[in-house]
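Asks: The following block contains the structure, expressed as structure tokens.
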Amino acid sequence: MRAAIFLAGDLVVWTTALVAAFLIRFDGIIPPRYLEDIPLLLLLFIPIKLVWHWAFRAYQIVWRSVGLSELMQIFKAAAFSSLTIAATVALLRHLEELRSFPRSVLAIDFVLSFCGVCLIRVGRRIVQMYSEGFRGRRHGEHDHRLLVVGAGAAGVRIVQAMVDSPRNGYHPVGFIDDDPSKRGTYIYGLRVHGDRSTIPDVVARHAVDEVLIAIPSAPSSDIRDIVAWVRRAGVQRMRILPSVHELLSGKASLKDIRQVQIDDLLGRPSVSIATDEIAERLAGSRVLVTGAAGSIGSELVRQIARLAPCEIVALDINESGLFELEEEIRRHFSGTSLRTLVADVRDAAKMEWVLNAVMPRVVYHAAAYKHVPMMERDVDEAVKTNILGTLVLAERAVRHGVEAFVLISTDKAVRPSSVMGASKRVAELIVHMLSHRGRTRFLSVRFGNVLGSRGSLIPIIQEQIRDGGPVTLTHPEMTRYFMSPAEAVLLVLQASLSQRQYGLIILDMGEPVRIADLAAEVIRLSGLEPDSDIPIVYTGIRPGEKLTEELSTPAESVVRSEHPGILEVIGEREPDEVMLRLSLQQLEHLVDQRDEAGIRAILRHLTSEDAGMAALPPERDVWRKSASAEHTTLP
């Protein structure tokens with residue numbers, strides 16, 4: 001229907017353009033001999049113009065998408081049509097009707113035809129925009145008056161979407177951009193007012209009640225500065241376009257707009273990885289991800305899905321989490337082959353079956369218990385999953401010739417003061433030990449807290465704010481390293497390219513952040529003020545917690561790798577395999593007996609060369625202790 005309308009309009013335009021060209025050429029009066037030739041000329045001109053406009057897809061244009069590129073296509077079609085007509089007229093000069101044909105008519109016809117064809121395609125859009133704009137103003141009197149920070153490609157795309165869809169709830173009033181060359185220019189009729197320092201003035205003059213930060217590539221330092229200017233202007237509603245690696249489509253749209261989050265303010269510069277090299281490594285391969293329903297595991301699956309491996313096998317004991325992940329991957333990565341397995345990494349027989357059936361090329365082992373206070377209470381469960389589960393899976397990876405095994409570790413494994421941290425340190429020792437057993441390459445990757453992960457600090461603070469406070473923290477001087485899940489996983493994928501038989505990798509976490517400062521920022525992002533609106537209460541350090549975390553011990557030498565976000569540990573001590581295996585056997589025995597004190601003593605012994613675990617009790621003589629009633633049983 002649309003093509004038929006375009007075609008009918010073009011026929012009228014071309015006919016009118018030729019007649020108008022003669023009228024202009026002869027000052028409003030067409031000589032009779034030329035007037036009689038017009039029908040014959042139309043029979044010559046129209047087929048030529050029709051062919052060229054069809055060739056340049058002038059009839060496949062959508063009303064709403066008419067822009068500069070579409071108009072350029074029409075210009076080319078008109079130009080080639082005129083050149084073809086001119087050549088044809090020159091070749092047929094021997095015909096009486098064309099012998100005295102005025103060449104100036106061709107030039108005038110070209111201009112009029114081009115303008116007319118463009119008007120047909122642009123006119124409908126202009127009418128539609130004004131009519132929708134009128135309806136939008138009638139129905140959207142209460143739309144948010146929006147100031148867009150960033151007049152680059154993303155900001156322009158967002159404003160274009162808002163202009164095309166007036167009922168979206170936003171009324172853009174202008175742009176802010178730090179580029180001096182854009183100051184005072186207009187984009188879609190909206191003025192670029194100036195740099196970020198002009199935000200308070202623009203907000204006051206245009207009654208702005210919401211600000212959108214549309215700079216996906218902006219570092220967190222710029223985001224923090226922009227947020228400070230917005231707050232200075234008294235605007236509480238702030239939204240943002242996610243960073244480049246968060247955009248699933250790679251292009252910004254209205255559905256991508258979200259509230260400013262804490263990781264926008266605390267993150268480091270955008271992470272870039274060797275995507276092509278990783279994709280080449282995984283091409284035609286199966287990848288196994290354990291703990292796939294967790295924060296890191298699920299993000300691993302999402303990022304690996306972008307790389308189009310042969311198959312991703314997502315394994316977890318959490319069936320609901322796996323179901324949600326499966327549905328998400330089907331929606332966003334329909335071409336990805338994903339297989340979900342409900343299984344426990346502690347089940348040796350099941351892991352043997354999984355490795356034999358799947359035959360993965362790479363294993364990303366993210367299955368673990370991570371909550372420090374809970375693992376202080378359930379010591380045996382921390383050992384069974386974080387230590388024995390790692391041993392079960394890693395041994396079978398060696399047996400089945402897996403090419404690479406990547407252990408997701410934590411900064412709490414450094415000089416551990418908690419059962420959870422000690423269990424992850426022992427897991428590091430296990431994969432180091434097994435790296436000498438076969439061709440499988442082992443890699444341990446340490447990083448700190450993951451922002452927004454399930455049960456982590458930020459969601460808890462947000463829940464306390466929704467309940468009206470107070471926000472409870474353990475100590476005003478406590479600091480932690482933070483990373484977003486996407487950021488951490490991208491660096492894990494990059495690190496997995498290492499060809500070393502064993503490597504201990506640390507992700508560059510930037511500077512540690514005071515938890516009190518983090519909590520205050522979360523409160524402000526909720527439109528409230530700390531202490532005056534939401535009180536902050538300190539409850540004291542919990543068992544197993546440290547005031548500060550470390551990424552390496554003094555005995556470990558840390559050097560920068562070729563990638564700026566990845567550090568390598570050099571000189572890590574070699575584990576004594578005989579001693580380690582004896583300790584693991586003893587741990588397994590003590591877990592069966594639920595001997596908490598015995599387990600803690602073994603963990604202390606295994607990590608003693610890492611300066612011990614301050615929170616653990618003095619070591620007992622568990623080596624000679626019999627498996628009798630002397631064992632302590634937890635209630």
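If you're wondering about the labels, chains in the structure tokens are A, B, ... by order shown, residues count from 1 in each chain, ligands from 1 in order shown.
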Write out as number ranges by chain all residues of stretch 264-414 of chain A that DSSP puts in alpha helix (DSSP H) for this structure's backbone.
Replies: A: 264-266, 275-282, 295-306, 319-332, 348-358, 372-377, 379-382, 390-399
Asks: Mind checking which residues fall within 10 Å of A:Phe75, counting only C-alpha atoms, ignoring those fewer than 3 positions away in the same chain, and posting them as a PDB file with C-alpha atoms, in the first residue's frame?
Replies:
```
ATOM      1  CA  HIS A  53      13.913   5.096  -8.457  1.00  0.00           C
ATOM      2  CA  PHE A  56      17.619   2.986  -5.522  1.00  0.00           C
ATOM      3  CA  SER A  69      20.406   8.698   3.834  1.00  0.00           C
ATOM      4  CA  GLU A  70      16.982   8.135   2.242  1.00  0.00           C
ATOM      5  CA  LEU A  71      17.020  11.598   0.655  1.00  0.00           C
ATOM      6  CA  MET A  72      20.486  10.899  -0.746  1.00  0.00           C
ATOM      7  CA  ALA A  78      16.893  11.643  -9.853  1.00  0.00           C
ATOM      8  CA  ALA A  79      20.451  12.366 -11.055  1.00  0.00           C
ATOM      9  CA  PHE A  80      20.840   9.046 -12.882  1.00  0.00           C
ATOM     10  CA  SER A  81      17.367   9.475 -14.382  1.00  0.00           C
ATOM     11  CA  PHE A 110      15.626  17.394 -12.456  1.00  0.00           C
ATOM     12  CA  VAL A 111      15.284  19.994  -9.685  1.00  0.00           C
ATOM     13  CA  SER A 113      11.273  16.124  -9.776  1.00  0.00           C
ATOM     14  CA  PHE A 114      13.771  15.682  -6.932  1.00  0.00           C
ATOM     15  CA  CYS A 115      11.998  18.230  -4.706  1.00  0.00           C
ATOM     16  CA  VAL A 117       9.553  13.161  -4.751  1.00  0.00           C
ATOM     17  CA  CYS A 118      11.238  14.206  -1.493  1.00  0.00           C
TER      18      CYS A 118
END
```
Asks: Which one of A:Ala348, A:Ile304, A:Val173, A:Ile74 sits closest to A:Val203 if you count only C-alpha atoms?
Replies: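 That would be A:Val173, the residue with the smallest distance to A:Val203.
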Asks: By how many Å are atom CA of A:Val537 and atom CA of A:Gln464 apart?
Replies: 11.5 Å
Asks: Quick one: residues within 12 Å of A:Val19, only C-alpha atoms counted, chain neighbours fewer than 3 positions away excluded, as a PDB file with N, CA and C atoms, in the first residue's frame?
Replies:
```pdb
ATOM      1  N   VAL A  12       2.411  11.765 -10.548  1.00  0.00           N
ATOM      2  CA  VAL A  12       1.858  13.127 -10.571  1.00  0.00           C
ATOM      3  C   VAL A  12       2.992  14.155 -10.550  1.00  0.00           C
ATOM      4  N   VAL A  13       4.017  13.908  -9.679  1.00  0.00           N
ATOM      5  CA  VAL A  13       5.144  14.835  -9.572  1.00  0.00           C
ATOM      6  C   VAL A  13       5.888  14.934 -10.897  1.00  0.00           C
ATOM      7  N   TRP A  14       6.191  13.791 -11.536  1.00  0.00           N
ATOM      8  CA  TRP A  14       6.969  13.814 -12.770  1.00  0.00           C
ATOM      9  C   TRP A  14       6.219  14.504 -13.916  1.00  0.00           C
ATOM     10  N   THR A  15       4.917  14.275 -13.965  1.00  0.00           N
ATOM     11  CA  THR A  15       4.107  14.934 -15.001  1.00  0.00           C
ATOM     12  C   THR A  15       4.079  16.438 -14.771  1.00  0.00           C
ATOM     13  N   THR A  16       3.812  16.820 -13.521  1.00  0.00           N
ATOM     14  CA  THR A  16       3.754  18.242 -13.181  1.00  0.00           C
ATOM     15  C   THR A  16       5.117  18.914 -13.379  1.00  0.00           C
ATOM     16  N   PHE A  22       8.713  23.401 -18.676  1.00  0.00           N
ATOM     17  CA  PHE A  22       8.455  24.132 -19.924  1.00  0.00           C
ATOM     18  C   PHE A  22       7.904  25.524 -19.639  1.00  0.00           C
ATOM     19  N   LEU A  23       6.997  25.617 -18.644  1.00  0.00           N
ATOM     20  CA  LEU A  23       6.430  26.916 -18.300  1.00  0.00           C
ATOM     21  C   LEU A  23       7.505  27.886 -17.823  1.00  0.00           C
ATOM     22  N   ILE A  24       8.444  27.382 -16.975  1.00  0.00           N
ATOM     23  CA  ILE A  24       9.533  28.233 -16.487  1.00  0.00           C
ATOM     24  C   ILE A  24      10.446  28.635 -17.636  1.00  0.00           C
ATOM     25  N   ARG A  25      10.756  27.646 -18.493  1.00  0.00           N
ATOM     26  CA  ARG A  25      11.672  27.915 -19.618  1.00  0.00           C
ATOM     27  C   ARG A  25      11.110  28.967 -20.573  1.00  0.00           C
ATOM     28  N   PHE A  26       9.796  28.966 -20.803  1.00  0.00           N
ATOM     29  CA  PHE A  26       9.184  29.875 -21.785  1.00  0.00           C
ATOM     30  C   PHE A  26       8.333  30.949 -21.118  1.00  0.00           C
ATOM     31  N   GLY A  28       6.054  31.104 -18.821  1.00  0.00           N
ATOM     32  CA  GLY A  28       4.631  30.889 -18.542  1.00  0.00           C
ATOM     33  C   GLY A  28       3.786  30.542 -19.738  1.00  0.00           C
ATOM     34  N   ILE A  29       4.318  30.599 -20.948  1.00  0.00           N
ATOM     35  CA  ILE A  29       3.524  30.255 -22.151  1.00  0.00           C
ATOM     36  C   ILE A  29       4.310  29.219 -22.956  1.00  0.00           C
ATOM     37  N   ILE A  30       3.785  27.997 -23.034  1.00  0.00           N
ATOM     38  CA  ILE A  30       4.461  26.923 -23.755  1.00  0.00           C
ATOM     39  C   ILE A  30       4.082  27.010 -25.242  1.00  0.00           C
ATOM     40  N   PRO A  31       5.084  27.090 -26.104  1.00  0.00           N
ATOM     41  CA  PRO A  31       4.794  27.113 -27.547  1.00  0.00           C
ATOM     42  C   PRO A  31       4.007  25.856 -27.951  1.00  0.00           C
ATOM     43  N   TYR A  34       5.816  22.490 -28.668  1.00  0.00           N
ATOM     44  CA  TYR A  34       6.320  21.759 -27.509  1.00  0.00           C
ATOM     45  C   TYR A  34       5.189  21.164 -26.679  1.00  0.00           C
ATOM     46  N   LEU A  35       4.076  21.897 -26.653  1.00  0.00           N
ATOM     47  CA  LEU A  35       2.918  21.414 -25.901  1.00  0.00           C
ATOM     48  C   LEU A  35       2.408  20.088 -26.465  1.00  0.00           C
ATOM     49  N   GLU A  36       2.442  19.986 -27.806  1.00  0.00           N
ATOM     50  CA  GLU A  36       1.990  18.748 -28.447  1.00  0.00           C
ATOM     51  C   GLU A  36       2.937  17.578 -28.169  1.00  0.00           C
ATOM     52  N   ASP A  37       4.236  17.886 -27.882  1.00  0.00           N
ATOM     53  CA  ASP A  37       5.220  16.814 -27.659  1.00  0.00           C
ATOM     54  C   ASP A  37       5.257  16.299 -26.224  1.00  0.00           C
ATOM     55  N   ILE A  38       4.575  16.979 -25.289  1.00  0.00           N
ATOM     56  CA  ILE A  38       4.662  16.598 -23.871  1.00  0.00           C
ATOM     57  C   ILE A  38       4.201  15.155 -23.615  1.00  0.00           C
ATOM     58  N   PRO A  39       3.059  14.675 -24.177  1.00  0.00           N
ATOM     59  CA  PRO A  39       2.667  13.271 -23.940  1.00  0.00           C
ATOM     60  C   PRO A  39       3.747  12.273 -24.388  1.00  0.00           C
ATOM     61  N   LEU A  41       6.985  12.892 -24.628  1.00  0.00           N
ATOM     62  CA  LEU A  41       8.116  13.032 -23.719  1.00  0.00           C
ATOM     63  C   LEU A  41       7.853  12.312 -22.386  1.00  0.00           C
ATOM     64  N   LEU A  42       6.625  12.375 -21.905  1.00  0.00           N
ATOM     65  CA  LEU A  42       6.279  11.667 -20.667  1.00  0.00           C
ATOM     66  C   LEU A  42       6.435  10.157 -20.834  1.00  0.00           C
ATOM     67  N   VAL A 105      15.348  22.556 -20.078  1.00  0.00           N
ATOM     68  CA  VAL A 105      14.165  21.899 -19.506  1.00  0.00           C
ATOM     69  C   VAL A 105      14.573  20.687 -18.680  1.00  0.00           C
ATOM     70  N   LEU A 106      15.620  19.976 -19.144  1.00  0.00           N
ATOM     71  CA  LEU A 106      16.088  18.805 -18.399  1.00  0.00           C
ATOM     72  C   LEU A 106      16.603  19.208 -17.014  1.00  0.00           C
ATOM     73  N   ILE A 108      15.811  21.914 -15.225  1.00  0.00           N
ATOM     74  CA  ILE A 108      14.686  22.356 -14.390  1.00  0.00           C
ATOM     75  C   ILE A 108      13.855  21.161 -13.946  1.00  0.00           C
ATOM     76  N   ASP A 109      13.643  20.202 -14.869  1.00  0.00           N
ATOM     77  CA  ASP A 109      12.856  19.005 -14.548  1.00  0.00           C
ATOM     78  C   ASP A 109      13.541  18.194 -13.445  1.00  0.00           C
ATOM     79  N   LEU A 112      12.887  20.028 -10.051  1.00  0.00           N
ATOM     80  CA  LEU A 112      11.489  19.926  -9.634  1.00  0.00           C
ATOM     81  C   LEU A 112      11.104  18.491  -9.274  1.00  0.00           C
ATOM     82  N   SER A 113      11.595  17.533 -10.052  1.00  0.00           N
ATOM     83  CA  SER A 113      11.273  16.124  -9.776  1.00  0.00           C
ATOM     84  C   SER A 113      11.861  15.692  -8.433  1.00  0.00           C
TER      85      SER A 113
END
```
Asks: Would you mind telling me which residue in A:Lys424, A:His563, A:His144, A:Arg396 lies nearest to A:Gln494 when using only C-alpha atoms?
Replies: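 Using only C-alpha atoms, A:Gln494 sits closest to A:His563.
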Asks: Here is a test: counting only C-alpha atoms, which residue of A:Val230, A:Ile213, A:Ile461, A:Ala58 is nearest to A:Ser526?
Replies: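 For A:Ser526, the nearest of the candidates is A:Ile461.
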Asks: Which value, in Å to one decimal, gives the distance between atom CA of A:Ser104 and atom CA of A:Ile48?
Replies: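 Separating atom CA of A:Ser104 from atom CA of A:Ile48 is a distance of 18.6 Å.
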Asks: What is the distance, in Å and to one decimal place, between atom CA of A:Leu507 and atom CA of A:Ser409?
Replies: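 Distance between the two atoms: 10.6 Å.
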Asks: Give me, as a PDB file with C-alpha atoms, in the first residue's frame, all polymer residues having an atom no more than 7 Å from A:Val489, counting only C-alpha atoms and skipping those fewer than 5 positions away in the same chain.
Replies:
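The resulting part_31.pdb:
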```pdb
ATOM      1  CA  ILE A 296      28.738 -14.418  38.462  1.00  0.00           C
ATOM      2  CA  GLU A 299      26.662 -13.247  33.889  1.00  0.00           C
ATOM      3  CA  LEU A 300      29.263 -15.681  32.545  1.00  0.00           C
TER       4      LEU A 300
END
```
Asks: Would you list, as an MDAnalysis selection string, the residues of stretch 197-348 of chain A that end up in strand (DSSP E) under DSSP run on this structure's backbone?
Replies: chainID A and resid 210:213 238:240 258:259 286:290 311:316 338:342
Asks: Rank nothing, just name the residue among A:Leu518, A:Ala214, A:Leu40, A:Ala349 nearest to A:Val149, using only C-alpha atoms.
Replies: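 Between A:Leu518, A:Ala214, A:Leu40, A:Ala349, the residue approaching A:Val149 most closely is A:Ala214.
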Asks: When you count only C-alpha atoms, which of these residues is closest to A:Ile226: A:Pro200, A:Gly469, A:Pro459, A:Gly184?
Replies: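 For A:Ile226, the nearest of the candidates is A:Pro200.
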